[in-house]
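Participant: This structure is in structure tokens; I'll ask about it shortly.
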Amino acid sequence: MTAEAPRPERREDPAVARLPQPPSERGPLALALALLALGIAVLVSVATGVVGSSPVQPVAPPAVTAAAPTPAVPAGTQVSLLTPKRSASGTVREAVLVRTVRRARARARARGGGPGRAGDGANAVAGSSAAAANGPHAGPGSGGIGAGAGSGAGAGAAGAAGTGGWLRFAGFSGTHIPASWMESFYPLYAEAQRTFGVNWLLIASVHKQETDFSTAPSTYHGLNFAGCCAGPMQFNVKNGPVSTWGLMRDSYLYNARPAVYAHRTRRHPSIYDDYDAIMAGAHLLGYNGAGTRLDDAAWWAAYDYYGHDTYGVAYADEVLARAISWSQHGFCVNCEVPPPTIAAVQAAWGAPVLAELEAQEVREAREARARRQQAAPHRRGRMRTRTTPRG
């Protein structure tokens with residue numbers, strides 16, 4: 001066998017030997033994995049609320065500057081309001097007010113109005129010439145039960161569908177309204193109070209009366225069951241020639257619109273936008289004389305807001321009584337209005353107006369009867385002439 005030739009020894013180039021050796025990749029890989037794990041842990045902690053979360057502070061209602069006194073009942077006044085009656089919807093109302101609604105409903109039918117007739121509503125600013133018959137505090141266009149297509153933000157004539165504004169959403173008053181739902185309205189009430197000088201409790205009470213704080217099903221679309229009013233504050237869009245909403249729609253321009261609030265619409269003004277509607281409602285109440293005090297001026301403003309009839313009296317009684325109760329005991333979303341407060345408000349301001357409305361009704365009935373009696377002889381004479389045989 002041939003012996004293999006010895007291999008020459010391998011010699012490294014001195015220049016190559018001086019080059020630095022690449023570091024190990026294990027260290028950077030371990031660091032990257034550690035950072036990835038830390039990032040995942042932070043994301044999970046934030047998502048689950050362990051890190052970066054703080055307790056959400058509930059939004060409080062605006063401050064109440066002073067408790068409004070319950071109006072004193074005039075001496076010798078007989079108040080028979082406090083006979084509770086539970087309706088089919090489960091809400092407690094006073095029997096005398098229920099009787100008032102029934103009488104007014106019958107009068108509306110007798111006059112041809114019918115239960116679904118749209119008419120006088122919130123603060124009639126323009127419209128019927130019958131305003132003068134409703135007293136010096138009636139806003140322009142405030143008609144009575146027979147006002148036809150009157151003006152206003154509230155219901156319609158004769159309580160818009162045969163029930164007063166205070167019963168319009170009785171079916172919803174049994175629904176518990178959570179505090180979180182109300183939080184978006186508090187800044188709007190405060191802004192409206194600052195802008196128009198109207199007590200925010202009165203604004204909120206009207207909001208409660210009209211749509212139960214916007215929980216009525218048709219609040220944010222379409223018209224109410226009377227076919228005349230819409231939105232959180234139930235502005236009339238059918239009266240006119242310029243509707244009440246048409247007169248008050250630009251009230252939002254009096255102050256800067258909040259950046260964030262619930263039920264904000266894309267276009268403005270919108271009757272369904274919370275800010276636009278609440279600002280317009282406050283403007284309307286202020287136009288009718290309401291201010292920061294919950295007094296007789298506030299009652300007349302609420303009366304004008306709905307309309308000048310027996311429903312309007314009951315409406316104003318409850319709206320103001322609720323606001324007074326809130327000022328005394330704190331804002332309570334789901335509390336009923338104390339019947340004694342309603343009785344006191346009605347005795348002080350509602351009863352005199354109700355008496356005048358009833359006296360006016362008696363006068364109108366007498367005048368109608370007199371006209372019929374005057375026309376009767378002429379009709380009988382014509383009948384005798386027709387039945388006389390020709391000679």
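Residue numbering restarts at 1 in every chain; chains get A, B, ... in the order shown in the structure tokens, and ligands count up from 1 in that same order.
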Can you list every residue in segment 165-378 of chain A that DSSP puts in helix (DSSP H, G or I), as a VMD selection string?
Facilitator: chain A and resid 165 to 168 170 to 172 179 to 182 186 to 196 200 to 211 244 to 254 274 to 287 296 to 306 310 to 329 339 to 378
Participant: Measuring atom to atom with only C-alpha atoms, identify which of A:Val42, A:Ala192, A:Ile342, A:Val319 is nearest to Lys208 of chain A.
Facilitator: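 When distances to Lys208 of chain A are compared using only C-alpha atoms, the smallest one comes from A:Val319.
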Participant: Could you please determine the separation between atom CA of Gly231 of chain A and atom CA of His329 of chain A in Å, to one decimal place?
Facilitator: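 Atom CA of Gly231 of chain A sits 28.8 Å away from atom CA of His329 of chain A.
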Participant: Could you tell me, as a ChimeraX atom specification, which residues of segment 185-311 of chain A DSSP assigns to strand (DSSP E) when given the backbone?
Facilitator: /A:229-230,235-236
Participant: What is the atom CA of Cys332 of chain A-atom CA of Ala67 of chain A distance in Å, reported with one decimal?
Facilitator: 14.3 Å
Participant: Ranking A:Ala301, A:Val242, A:Met248, A:Ala63 by minimum distance to Ser270 of chain A and counting only C-alpha atoms, which one comes first?
Facilitator: A:Met248
Participant: I need the residue nearest Pro62 of chain A from this list: A:Gln193, A:Ser325, A:Thr211, A:Gln234. Use only C-alpha atoms for the distance.
Facilitator: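 When distances to Pro62 of chain A are compared using only C-alpha atoms, the smallest one comes from A:Gln193.
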